[in-house]
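Engineer: Structure file query_36.txt (compact mmCIF, C-alpha atoms) is given on the next line.
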```txt
# COMPACT_ATOMS: atom_id res chain seq x y z
CA MET A 1 16.12 17.52 -21.33
CA ILE A 2 13.16 15.30 -22.18
CA VAL A 3 11.73 13.06 -19.47
CA ARG A 4 9.11 10.41 -20.03
CA ILE A 5 6.90 9.12 -17.25
CA SER A 6 5.92 5.72 -18.50
CA GLY A 7 2.24 5.66 -19.40
CA GLU A 8 1.90 9.44 -19.22
CA GLY A 9 3.99 10.86 -22.04
CA GLN A 10 6.98 13.20 -22.32
CA PHE A 11 7.91 16.40 -20.50
CA LYS A 12 10.51 19.06 -21.22
CA LEU A 13 12.60 19.97 -18.18
CA PRO A 14 15.48 22.37 -17.63
CA ASP A 15 18.83 20.60 -18.06
CA GLN A 16 19.92 21.34 -14.50
CA ASP A 17 17.19 18.99 -13.22
CA ALA A 18 19.23 16.07 -14.54
CA ASP A 19 21.58 16.20 -11.55
CA ARG A 20 18.76 16.33 -9.04
CA LEU A 21 16.94 13.44 -10.72
CA ASN A 22 20.15 11.50 -10.98
CA GLU A 23 20.89 11.88 -7.29
CA LEU A 24 17.37 10.83 -6.30
CA ASP A 25 17.59 7.91 -8.70
CA ASN A 26 20.81 6.69 -7.11
CA ARG A 27 19.34 7.00 -3.63
CA ALA A 28 16.22 5.15 -4.82
CA VAL A 29 18.41 2.32 -6.09
CA SER A 30 20.05 1.89 -2.70
CA ALA A 31 16.68 2.17 -0.91
CA VAL A 32 15.39 -0.69 -3.04
CA GLU A 33 18.55 -2.71 -2.43
CA GLN A 34 17.99 -2.35 1.32
CA GLY A 35 14.32 -3.33 0.96
CA ASP A 36 13.32 0.09 2.31
CA GLU A 37 9.89 0.62 0.75
CA THR A 38 9.05 3.77 2.72
CA GLY A 39 12.33 5.35 1.72
CA PHE A 40 11.81 4.39 -1.89
CA ARG A 41 8.26 5.81 -1.94
CA GLU A 42 9.50 9.11 -0.53
CA LEU A 43 12.31 9.41 -3.11
CA TRP A 44 10.03 8.33 -5.91
CA SER A 45 7.44 10.99 -5.11
CA GLN A 46 10.23 13.57 -5.00
CA MET A 47 11.26 12.54 -8.51
CA LEU A 48 7.69 12.81 -9.76
CA GLU A 49 7.38 16.18 -8.03
CA ILE A 50 10.34 17.56 -9.99
CA VAL A 51 8.70 16.55 -13.26
CA ALA A 52 5.35 17.96 -12.15
CA SER A 53 6.74 21.35 -11.05
CA ASP A 54 9.42 21.94 -13.72
CA GLY A 55 8.11 20.00 -16.71
CA ASN A 56 6.03 21.10 -19.67
CA ALA A 57 4.27 18.44 -21.70
CA VAL A 58 5.91 17.79 -25.07
CA ASP A 59 3.64 18.57 -27.99
CA GLY A 60 1.79 15.47 -29.19
CA ASP A 61 3.04 15.59 -32.76
CA GLU A 62 6.70 16.06 -31.85
CA LEU A 63 8.80 12.97 -32.50
CA VAL A 64 11.60 13.22 -29.95
CA GLU A 65 13.53 10.70 -27.93
CA SER A 66 13.58 10.93 -24.15
CA ASP A 67 16.79 11.42 -22.21
CA VAL A 68 15.25 9.80 -19.18
CA ILE A 69 12.44 7.27 -18.89
CA LEU A 70 10.80 6.97 -15.50
CA PRO A 71 8.63 3.96 -14.63
CA PRO A 72 4.84 4.18 -14.26
CA ARG A 73 3.66 6.49 -11.47
CA ASP A 74 1.90 3.64 -9.66
CA ILE A 75 4.90 1.33 -9.73
CA THR A 76 4.66 -1.32 -7.02
CA PHE A 77 7.59 -1.98 -4.73
CA GLU A 78 7.93 -5.45 -6.24
CA GLU A 79 8.15 -3.93 -9.70
CA ALA A 80 10.63 -1.38 -8.42
CA CYS A 81 12.79 -4.19 -7.08
CA GLY A 82 12.98 -5.78 -10.53
CA GLU A 83 13.40 -2.41 -12.17
CA PHE A 84 16.16 -1.05 -10.00
CA THR A 85 18.28 -4.17 -9.88
CA GLY A 86 17.37 -6.34 -12.87
CA ASP A 87 17.05 -6.00 -16.61
CA GLY A 88 14.24 -3.47 -16.63
CA LEU A 89 10.49 -3.63 -16.93
CA ILE A 90 10.48 -4.16 -20.68
CA PRO A 91 11.70 -7.68 -21.30
CA ASP A 92 14.39 -7.81 -23.95
CA MET B 1 22.06 8.57 -16.55
CA PRO B 2 22.72 5.36 -14.67
CA GLY B 3 20.20 3.40 -12.73
CA LEU B 4 16.62 2.92 -13.69
CA ALA B 5 16.29 5.50 -16.40
CA GLY B 6 19.43 4.43 -18.20
CA ARG B 7 18.47 0.79 -18.16
CA MET B 8 15.02 1.40 -19.57
CA SER B 9 16.21 3.75 -22.30
CA THR B 10 18.84 1.26 -23.33
CA VAL B 11 16.34 -1.53 -23.76
CA VAL B 12 14.02 0.68 -25.78
CA LYS B 13 16.85 1.88 -27.99
CA ALA B 14 18.09 -1.64 -28.61
CA LYS B 15 14.64 -2.66 -29.77
CA ILE B 16 14.37 0.21 -32.19
CA SER B 17 17.79 -0.21 -33.69
CA ARG B 18 17.03 -3.89 -34.28
CA MET B 19 13.90 -2.83 -36.11
CA LEU B 20 15.88 -0.37 -38.21
CA ASP B 21 18.55 -2.96 -39.01
CA ARG B 22 16.04 -5.31 -40.54
CA ALA B 23 15.51 -3.28 -43.69
CA GLU B 24 18.25 -2.05 -45.99
CA ASP B 25 16.39 0.43 -48.10
CA PRO B 26 15.27 3.56 -46.18
CA GLY B 27 11.93 3.66 -47.97
CA GLU B 28 11.37 0.07 -46.97
CA THR B 29 12.40 0.80 -43.40
CA LEU B 30 9.87 3.59 -43.22
CA ASP B 31 7.05 1.55 -44.63
CA TYR B 32 7.90 -1.38 -42.39
CA GLY B 33 8.06 0.90 -39.39
CA TYR B 34 4.72 2.42 -40.23
CA GLN B 35 3.16 -0.99 -40.74
CA LYS B 36 4.42 -2.17 -37.35
CA GLN B 37 3.05 0.94 -35.71
CA THR B 38 -0.43 0.50 -37.12
CA GLU B 39 -0.36 -3.16 -36.09
CA LEU B 40 0.41 -2.18 -32.55
CA LEU B 41 -2.43 0.30 -32.59
CA GLN B 42 -4.81 -2.56 -33.44
CA ASN B 43 -3.44 -4.56 -30.53
CA VAL B 44 -4.04 -1.65 -28.22
CA LYS B 45 -7.68 -1.60 -29.23
CA LYS B 46 -7.95 -5.29 -28.41
CA GLY B 47 -6.21 -4.68 -25.12
CA ILE B 48 -8.67 -1.97 -24.18
CA ALA B 49 -11.60 -4.19 -25.19
CA ASP B 50 -10.23 -6.92 -22.88
CA VAL B 51 -10.12 -4.55 -19.96
CA VAL B 52 -13.70 -3.43 -20.65
CA THR B 53 -14.91 -7.04 -20.83
CA SER B 54 -13.29 -7.91 -17.53
CA LYS B 55 -14.76 -4.82 -15.94
CA LYS B 56 -18.27 -5.72 -17.13
CA ARG B 57 -17.94 -9.20 -15.76
CA LEU B 58 -16.96 -7.87 -12.35
CA GLN B 59 -19.80 -5.35 -12.44
CA MET B 60 -22.32 -8.09 -13.13
CA GLN B 61 -21.00 -10.12 -10.24
CA THR B 62 -21.24 -7.13 -7.96
CA GLN B 63 -24.88 -6.60 -8.90
CA LYS B 64 -25.69 -10.23 -8.19
CA LEU B 65 -23.99 -10.07 -4.82
CA GLU B 66 -25.81 -6.86 -4.01
CA GLN B 67 -29.15 -8.57 -4.53
CA GLN B 68 -28.06 -11.48 -2.34
CA VAL B 69 -27.02 -9.13 0.44
CA VAL B 70 -30.46 -7.51 0.51
CA LYS B 71 -32.15 -10.91 0.39
CA LEU B 72 -30.04 -12.43 3.17
CA ASP B 73 -30.48 -9.41 5.40
CA THR B 74 -34.26 -9.66 5.06
CA GLN B 75 -34.16 -13.37 5.80
CA ALA B 76 -31.99 -12.89 8.85
CA ARG B 77 -34.53 -10.46 10.27
CA GLN B 78 -37.39 -12.82 9.50
CA ALA B 79 -35.60 -15.78 11.01
CA LEU B 80 -34.83 -13.83 14.15
CA ALA B 81 -38.41 -12.67 14.45
CA GLN B 82 -39.40 -16.33 14.43
CA GLY B 83 -36.87 -17.08 17.10
CA ARG B 84 -34.62 -19.02 14.73
CA GLU B 85 -31.29 -17.56 15.76
CA ASP B 86 -29.40 -20.39 14.09
CA LEU B 87 -30.91 -19.57 10.70
CA ALA B 88 -30.40 -15.85 11.25
CA ARG B 89 -26.74 -16.49 12.00
CA THR B 90 -26.32 -18.53 8.83
CA ALA B 91 -27.94 -15.78 6.76
CA LEU B 92 -25.73 -13.14 8.35
CA GLU B 93 -22.60 -15.20 7.78
CA ARG B 94 -23.48 -15.43 4.13
CA LYS B 95 -24.27 -11.76 3.99
CA THR B 96 -20.91 -10.89 5.53
CA LEU B 97 -19.08 -13.01 3.01
CA ALA B 98 -21.02 -11.51 0.12
CA GLN B 99 -20.23 -8.01 1.38
CA THR B 100 -16.54 -8.75 1.70
CA GLU B 101 -16.46 -10.08 -1.84
CA MET B 102 -18.38 -7.04 -3.06
CA GLN B 103 -15.87 -4.67 -1.54
CA SER B 104 -12.96 -6.43 -3.14
CA LEU B 105 -14.75 -6.46 -6.50
CA ASP B 106 -15.43 -2.73 -6.20
CA THR B 107 -11.76 -1.99 -5.64
CA GLN B 108 -10.87 -4.04 -8.67
CA ILE B 109 -13.47 -2.38 -10.85
CA LYS B 110 -12.00 1.01 -9.94
CA GLU B 111 -8.53 -0.24 -10.80
CA LEU B 112 -9.70 -1.53 -14.15
CA GLU B 113 -11.37 1.80 -14.85
CA ALA B 114 -8.08 3.58 -14.23
CA GLN B 115 -6.35 1.11 -16.54
CA GLN B 116 -8.91 1.70 -19.25
CA GLU B 117 -8.51 5.46 -19.01
CA GLN B 118 -4.75 5.27 -19.13
CA LEU B 119 -4.69 2.92 -22.10
CA THR B 120 -7.16 5.09 -23.99
CA ALA B 121 -5.03 8.19 -23.41
CA ASN B 122 -1.92 6.23 -24.46
CA GLU B 123 -3.64 5.05 -27.59
CA GLN B 124 -4.56 8.58 -28.58
CA ARG B 125 -1.01 9.74 -28.00
CA LEU B 126 0.43 6.97 -30.12
CA ARG B 127 -2.12 7.54 -32.86
CA GLN B 128 -1.02 11.15 -33.09
CA LYS B 129 2.65 10.18 -33.25
CA ILE B 130 2.01 7.58 -35.91
CA GLU B 131 0.15 10.11 -37.99
CA GLN B 132 3.13 12.43 -37.64
CA PHE B 133 5.45 9.61 -38.64
CA ARG B 134 3.36 8.90 -41.75
CA THR B 135 3.65 12.52 -42.88
CA LYS B 136 7.36 12.60 -42.13
CA LYS B 137 8.00 9.34 -43.95
CA GLU B 138 6.58 10.68 -47.20
CA VAL B 139 8.65 13.84 -46.88
CA ILE B 140 11.81 11.86 -46.20
CA LYS B 141 11.17 9.51 -49.12
CA ALA B 142 10.61 12.40 -51.51
CA GLN B 143 13.34 14.78 -50.43
CA TYR B 144 16.40 13.01 -49.11
CA SER B 145 19.18 10.85 -50.44
CA ALA B 146 19.57 7.43 -48.90
CA ALA B 147 22.36 8.51 -46.54
CA GLU B 148 20.59 11.60 -45.33
CA ALA B 149 17.34 9.75 -45.03
CA GLN B 150 18.90 7.19 -42.69
CA VAL B 151 19.63 9.85 -40.08
CA ARG B 152 16.20 11.39 -40.24
CA ILE B 153 14.54 8.01 -40.16
CA SER B 154 16.40 7.18 -36.98
CA GLU B 155 15.16 10.36 -35.35
CA ALA B 156 11.56 9.83 -36.35
CA ALA B 157 11.59 6.11 -35.69
CA ASN B 158 13.17 6.54 -32.27
CA GLY B 159 10.53 9.07 -31.32
CA VAL B 160 7.66 6.80 -32.32
CA GLY B 161 9.46 3.67 -31.20
CA GLU B 162 9.79 4.94 -27.68
CA GLU B 163 6.06 5.70 -27.59
CA MET B 164 5.35 2.22 -28.92
CA ALA B 165 7.58 0.53 -26.39
CA ASP B 166 5.97 2.51 -23.62
CA LEU B 167 2.52 1.56 -24.75
CA GLY B 168 3.62 -2.05 -24.96
CA LEU B 169 4.62 -1.80 -21.34
CA ALA B 170 1.33 -0.20 -20.32
CA MET B 171 -0.53 -2.99 -22.10
CA GLN B 172 1.57 -5.64 -20.41
CA ARG B 173 0.76 -4.18 -17.01
CA ALA B 174 -2.92 -3.91 -17.86
CA GLU B 175 -2.91 -7.52 -19.00
CA ASP B 176 -1.24 -8.70 -15.80
CA LYS B 177 -3.81 -6.85 -13.72
CA THR B 178 -6.72 -8.12 -15.80
CA GLU B 179 -5.37 -11.63 -15.38
CA THR B 180 -5.35 -11.29 -11.59
CA MET B 181 -8.90 -10.00 -11.66
CA ARG B 182 -10.09 -12.81 -13.89
CA ALA B 183 -8.76 -15.23 -11.32
CA ARG B 184 -10.57 -13.29 -8.61
CA ALA B 185 -13.81 -13.28 -10.60
CA SER B 186 -13.52 -17.03 -11.09
CA ALA B 187 -12.96 -17.54 -7.38
CA VAL B 188 -16.16 -15.62 -6.61
CA GLU B 189 -17.98 -17.71 -9.19
CA GLU B 190 -16.73 -20.90 -7.53
CA LEU B 191 -18.07 -19.72 -4.18
CA GLU B 192 -21.34 -18.87 -5.86
CA LYS B 193 -21.58 -22.30 -7.45
CA ALA B 194 -20.81 -23.94 -4.12
CA GLY B 195 -23.86 -22.13 -2.78
CA ALA B 196 -22.00 -19.81 -0.44
CA PHE B 197 -24.33 -16.91 -1.22
CA ASP B 198 -27.56 -18.92 -1.53
CA ASP B 199 -30.46 -17.61 0.46
CA ILE B 200 -31.40 -19.74 3.41
CA THR B 201 -34.68 -20.94 1.94
CA ALA B 202 -32.50 -22.99 -0.39
CA LEU B 203 -30.96 -24.59 2.66
CA GLY B 204 -31.74 -28.04 4.00
CA SER B 205 -31.66 -28.55 7.71
CA GLY B 206 -28.77 -26.15 8.06
CA GLY B 207 -25.35 -26.94 9.44
CA ASP B 208 -24.29 -28.52 6.17
CA ASP B 209 -20.80 -28.51 4.75
CA ILE B 210 -21.00 -25.00 3.24
CA ASP B 211 -22.06 -23.55 6.55
CA ARG B 212 -19.19 -25.09 8.40
CA GLN B 213 -16.85 -23.55 5.83
CA LEU B 214 -18.67 -20.26 6.01
CA SER B 215 -18.28 -20.04 9.74
CA GLU B 216 -14.57 -20.37 9.23
CA LEU B 217 -14.47 -17.82 6.42
CA THR B 218 -16.47 -15.04 7.96
CA SER B 219 -15.58 -12.92 10.91
CA GLY B 220 -17.59 -14.19 13.87
CA ALA B 221 -17.39 -10.84 15.60
CA GLN B 222 -19.12 -8.98 12.82
CA VAL B 223 -21.91 -11.55 12.66
CA ASP B 224 -22.35 -11.41 16.46
CA ASP B 225 -22.57 -7.62 16.36
CA GLU B 226 -25.14 -7.60 13.61
CA LEU B 227 -27.17 -10.28 15.29
CA ALA B 228 -27.21 -8.28 18.52
CA GLN B 229 -28.24 -5.15 16.64
CA MET B 230 -31.05 -6.95 14.86
CA LYS B 231 -32.28 -8.37 18.13
CA ALA B 232 -32.34 -4.90 19.64
CA GLU B 233 -34.26 -3.57 16.65
CA LEU B 234 -36.77 -6.35 16.89
CA GLY B 235 -37.29 -5.70 20.57
CA SER B 236 -35.89 -9.00 21.91
CA GLY B 237 -37.66 -11.07 19.27
CA GLY B 238 -41.22 -10.91 20.52
CA GLY B 239 -44.34 -9.82 18.69
CA ASP B 240 -45.90 -11.07 15.48
CA ALA B 241 -43.38 -13.02 13.56
CA PRO B 242 -43.77 -12.91 9.79
CA ALA B 243 -43.29 -16.21 8.00
CA LEU B 244 -39.93 -16.86 6.37
CA GLU B 245 -40.43 -15.78 2.81
CA GLN B 246 -38.64 -16.51 -0.41
CA GLY B 247 -36.22 -13.69 0.13
CA GLU B 248 -38.40 -10.81 -0.98
CA ASP B 249 -37.12 -7.52 0.19
CA LYS B 250 -39.86 -6.17 2.40
CA ALA B 251 -38.37 -3.05 3.83
```
Please re-express this file's structure in structure tokens.
Structural biologist:
Amino acid sequence: MIVRISGEGQFKLPDQDADRLNELDNRAVSAVEQGDETGFRELWSQMLEIVASDGNAVDGDELVESDVILPPRDITFEEACGEFTGDGLIPD
Amino acid sequence: MPGLAGRMSTVVKAKISRMLDRAEDPGETLDYGYQKQTELLQNVKKGIADVVTSKKRLQMQTQKLEQQVVKLDTQARQALAQGREDLARTALERKTLAQTEMQSLDTQIKELEAQQEQLTANEQRLRQKIEQFRTKKEVIKAQYSAAEAQVRISEAANGVGEEMADLGLAMQRAEDKTETMRARASAVEELEKAGAFDDITALGSGGDDIDRQLSELTSGAQVDDELAQMKAELGSGGGDAPALEQGEDKA
């Protein structure tokens, strides 16, 4: 699967990482809903860690779509609140 | 994938498919897509230039403040040596404020530098993808029937489109941050204009309006500490007292 970290480009990850990322993502959503910034930060760094340890950067001249788009690494908690509950960071 | 990732991908995809829907002829779609991509690349350059301009402005302010800090420190020592503790306190209050502002400007300059680096890397990535798209577009135009072309265009356009959307987002964030820093830079300028960092030779009898505000703004404890330290260094203020000079830094 292809994962993009917003602002950093795309990475190729083994397909089985999808479940792990998905689970962390769901837990991050509920952390944000409960206003738990510490919990969110912890989950978020775990997600980034998966990409860092398992991912290989996609070649620059490859035109492929991502299966997953993660927000910028330095996402603020305020941004995360909008991101995890609202319409997304990119306004329609 | 639900949650965050799903939502963002969906928005990006919707944008791209709208772009693809606009043109009926695949060749036209490709050319339009390419045109849009190069336009965005121009905007990125402007965006980066904006960040650099803001950074320079903050750097200039920092330099000015740095000079004032040196000047005010010298004056505080001179005032104290002359037994003018009131003047020394005023100078130190101003110095403290200038230092606080300097620290906050430094943090912001570092943030802008990170922004600049990220945008530059993003721009290079997009440039490479656009170049790839240009090559692909000519191949598609030459080799495929309209129906086949449509599929391949979607693939290529989605790949570039996602990169474009992502860069758009990075630019938006950079712009928001730059905006905040512009406001900060203006606030420092206002303080400067109000005379908050003026050296004390520019002062009247002291105890004017600015000083009353300054006393409120700056941390009294820090000023007290520094004053005590200076006194200790000067050996309880005795000896030959140099005249209060026009803020020259005599180390």
Engineer: At a cut-off of 10 Å, can you tabulate as a tab-separated table every residue of chain A near range 108-126 of chain B together with its closest atom pair and the distance in Å to one decimal, using only C-alpha atoms and ordering rows by chain then number?
Structural biologist:
```
residue	atom	partner	partner_atom	distance
A:Ser6	CA	B:Asn122	CA	9.9
A:Gly7	CA	B:Asn122	CA	6.6
A:Glu8	CA	B:Asn122	CA	7.2
A:Gly9	CA	B:Arg125	CA	7.9
A:Asp59	CA	B:Arg125	CA	10.0
A:Gly60	CA	B:Arg125	CA	6.5
A:Asp61	CA	B:Arg125	CA	8.6
```
Engineer: In Å, rounded to a single decimal, give me how far CA of Glu192 in chain B is from CA of Lys177 in chain B.
Structural biologist: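 Separation between CA of Lys177 in chain B and CA of Glu192 in chain B: 22.7 Å.
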Engineer: Considering all atoms listed in the file, state which residue in the set B:Ile140, B:Val223, B:Ala174, B:Met102 is at the smallest distance from chain A.
Structural biologist: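 Between B:Ile140, B:Val223, B:Ala174, B:Met102, the residue approaching chain A most closely is B:Ala174.
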Engineer: Excluding same-chain residues fewer than 2 positions from Ser30 in chain A, what lies within 12 Å of it counting all atoms listed in the file, as a PyMOL selection string?
Structural biologist: (chain A and resi 23-28+32-37+39-40+43+80-81+84-85) or (chain B and resi 3-4)
Engineer: What is the distance between CA of Lys46 in chain B and CA of Thr178 in chain B, in Å to one decimal?
Structural biologist: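 Separation between CA of Lys46 in chain B and CA of Thr178 in chain B: 13.0 Å.
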Engineer: Restricting the calculation to all atoms listed in the file: of B:Gln132, B:Ser54, B:Gln172, B:Gln42, which residue gets closest to chain A?
Structural biologist: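 Comparing B:Gln132, B:Ser54, B:Gln172, B:Gln42 against chain A, the winner is B:Gln132.
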Engineer: Here is a test: counting only C-alpha atoms, which residue of A:Asp67, A:Glu83, A:Glu62, A:Asp74 is nearest to Val160 in chain B?
Structural biologist: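 Checking each candidate against Val160 in chain B, we get A:Glu62 as the closest.
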Engineer: Output as a PDB file, keeping the file's coordinate frame: range 56-66 of chain A, completed with all heavy atoms.
Structural biologist:
```pdb
ATOM      1  N   ASN A  56       7.127  20.750 -18.769  1.00  0.00           N
ATOM      2  CA  ASN A  56       6.030  21.100 -19.670  1.00  0.00           C
ATOM      3  C   ASN A  56       5.815  19.940 -20.641  1.00  0.00           C
ATOM      4  O   ASN A  56       6.776  19.419 -21.200  1.00  0.00           O
ATOM      5  CB  ASN A  56       6.378  22.352 -20.485  1.00  0.00           C
ATOM      6  CG  ASN A  56       6.361  23.597 -19.625  1.00  0.00           C
ATOM      7  OD1 ASN A  56       5.387  23.856 -18.912  1.00  0.00           O
ATOM      8  ND2 ASN A  56       7.454  24.346 -19.658  1.00  0.00           N
ATOM      9  N   ALA A  57       4.559  19.570 -20.830  1.00  0.00           N
ATOM     10  CA  ALA A  57       4.270  18.440 -21.700  1.00  0.00           C
ATOM     11  C   ALA A  57       4.781  18.695 -23.121  1.00  0.00           C
ATOM     12  O   ALA A  57       4.625  19.796 -23.651  1.00  0.00           O
ATOM     13  CB  ALA A  57       2.762  18.174 -21.727  1.00  0.00           C
ATOM     14  N   VAL A  58       5.421  17.687 -23.694  1.00  0.00           N
ATOM     15  CA  VAL A  58       5.910  17.790 -25.070  1.00  0.00           C
ATOM     16  C   VAL A  58       4.711  17.698 -26.014  1.00  0.00           C
ATOM     17  O   VAL A  58       3.807  16.875 -25.797  1.00  0.00           O
ATOM     18  CB  VAL A  58       6.919  16.656 -25.377  1.00  0.00           C
ATOM     19  CG1 VAL A  58       7.260  16.611 -26.865  1.00  0.00           C
ATOM     20  CG2 VAL A  58       8.184  16.844 -24.552  1.00  0.00           C
ATOM     21  N   ASP A  59       4.729  18.535 -27.023  1.00  0.00           N
ATOM     22  CA  ASP A  59       3.640  18.570 -27.990  1.00  0.00           C
ATOM     23  C   ASP A  59       3.405  17.174 -28.588  1.00  0.00           C
ATOM     24  O   ASP A  59       4.362  16.460 -28.887  1.00  0.00           O
ATOM     25  CB  ASP A  59       4.021  19.565 -29.104  1.00  0.00           C
ATOM     26  CG  ASP A  59       2.778  20.123 -29.772  1.00  0.00           C
ATOM     27  OD1 ASP A  59       1.689  19.956 -29.187  1.00  0.00           O
ATOM     28  OD2 ASP A  59       2.899  20.707 -30.856  1.00  0.00           O
ATOM     29  N   GLY A  60       2.138  16.818 -28.757  1.00  0.00           N
ATOM     30  CA  GLY A  60       1.790  15.470 -29.190  1.00  0.00           C
ATOM     31  C   GLY A  60       2.350  15.060 -30.544  1.00  0.00           C
ATOM     32  O   GLY A  60       2.609  13.878 -30.776  1.00  0.00           O
ATOM     33  N   ASP A  61       2.555  16.012 -31.438  1.00  0.00           N
ATOM     34  CA  ASP A  61       3.040  15.590 -32.760  1.00  0.00           C
ATOM     35  C   ASP A  61       4.555  15.788 -32.905  1.00  0.00           C
ATOM     36  O   ASP A  61       5.083  15.764 -34.007  1.00  0.00           O
ATOM     37  CB  ASP A  61       2.278  16.288 -33.888  1.00  0.00           C
ATOM     38  CG  ASP A  61       2.192  17.783 -33.687  1.00  0.00           C
ATOM     39  OD1 ASP A  61       3.003  18.307 -32.912  1.00  0.00           O
ATOM     40  OD2 ASP A  61       1.317  18.404 -34.312  1.00  0.00           O
ATOM     41  N   GLU A  62       5.241  15.984 -31.795  1.00  0.00           N
ATOM     42  CA  GLU A  62       6.700  16.060 -31.850  1.00  0.00           C
ATOM     43  C   GLU A  62       7.283  14.663 -31.693  1.00  0.00           C
ATOM     44  O   GLU A  62       6.919  13.937 -30.761  1.00  0.00           O
ATOM     45  CB  GLU A  62       7.209  16.945 -30.704  1.00  0.00           C
ATOM     46  CG  GLU A  62       7.919  18.203 -31.194  1.00  0.00           C
ATOM     47  CD  GLU A  62       8.472  18.984 -30.025  1.00  0.00           C
ATOM     48  OE1 GLU A  62       7.700  19.736 -29.410  1.00  0.00           O
ATOM     49  OE2 GLU A  62       9.664  18.816 -29.728  1.00  0.00           O
ATOM     50  N   LEU A  63       8.189  14.296 -32.606  1.00  0.00           N
ATOM     51  CA  LEU A  63       8.800  12.970 -32.500  1.00  0.00           C
ATOM     52  C   LEU A  63      10.206  13.118 -31.911  1.00  0.00           C
ATOM     53  O   LEU A  63      11.175  13.261 -32.639  1.00  0.00           O
ATOM     54  CB  LEU A  63       8.877  12.306 -33.879  1.00  0.00           C
ATOM     55  CG  LEU A  63       7.547  12.003 -34.568  1.00  0.00           C
ATOM     56  CD1 LEU A  63       7.772  11.389 -35.939  1.00  0.00           C
ATOM     57  CD2 LEU A  63       6.706  11.065 -33.714  1.00  0.00           C
ATOM     58  N   VAL A  64      10.292  13.098 -30.595  1.00  0.00           N
ATOM     59  CA  VAL A  64      11.600  13.220 -29.950  1.00  0.00           C
ATOM     60  C   VAL A  64      11.851  12.065 -28.995  1.00  0.00           C
ATOM     61  O   VAL A  64      10.918  11.503 -28.419  1.00  0.00           O
ATOM     62  CB  VAL A  64      11.748  14.538 -29.153  1.00  0.00           C
ATOM     63  CG1 VAL A  64      11.951  15.712 -30.089  1.00  0.00           C
ATOM     64  CG2 VAL A  64      10.551  14.750 -28.247  1.00  0.00           C
ATOM     65  N   GLU A  65      13.145  11.747 -28.853  1.00  0.00           N
ATOM     66  CA  GLU A  65      13.530  10.700 -27.930  1.00  0.00           C
ATOM     67  C   GLU A  65      13.673  11.278 -26.527  1.00  0.00           C
ATOM     68  O   GLU A  65      14.066  12.436 -26.372  1.00  0.00           O
ATOM     69  CB  GLU A  65      14.902  10.169 -28.348  1.00  0.00           C
ATOM     70  CG  GLU A  65      14.896   8.754 -28.843  1.00  0.00           C
ATOM     71  CD  GLU A  65      16.315   8.291 -29.039  1.00  0.00           C
ATOM     72  OE1 GLU A  65      16.998   8.799 -29.947  1.00  0.00           O
ATOM     73  OE2 GLU A  65      16.740   7.426 -28.274  1.00  0.00           O
ATOM     74  N   SER A  66      13.399  10.460 -25.520  1.00  0.00           N
ATOM     75  CA  SER A  66      13.580  10.930 -24.150  1.00  0.00           C
ATOM     76  C   SER A  66      15.009  10.724 -23.691  1.00  0.00           C
ATOM     77  O   SER A  66      15.664   9.772 -24.099  1.00  0.00           O
ATOM     78  CB  SER A  66      12.656  10.155 -23.206  1.00  0.00           C
ATOM     79  OG  SER A  66      11.327  10.258 -23.633  1.00  0.00           O
TER      80      SER A  66
END
```
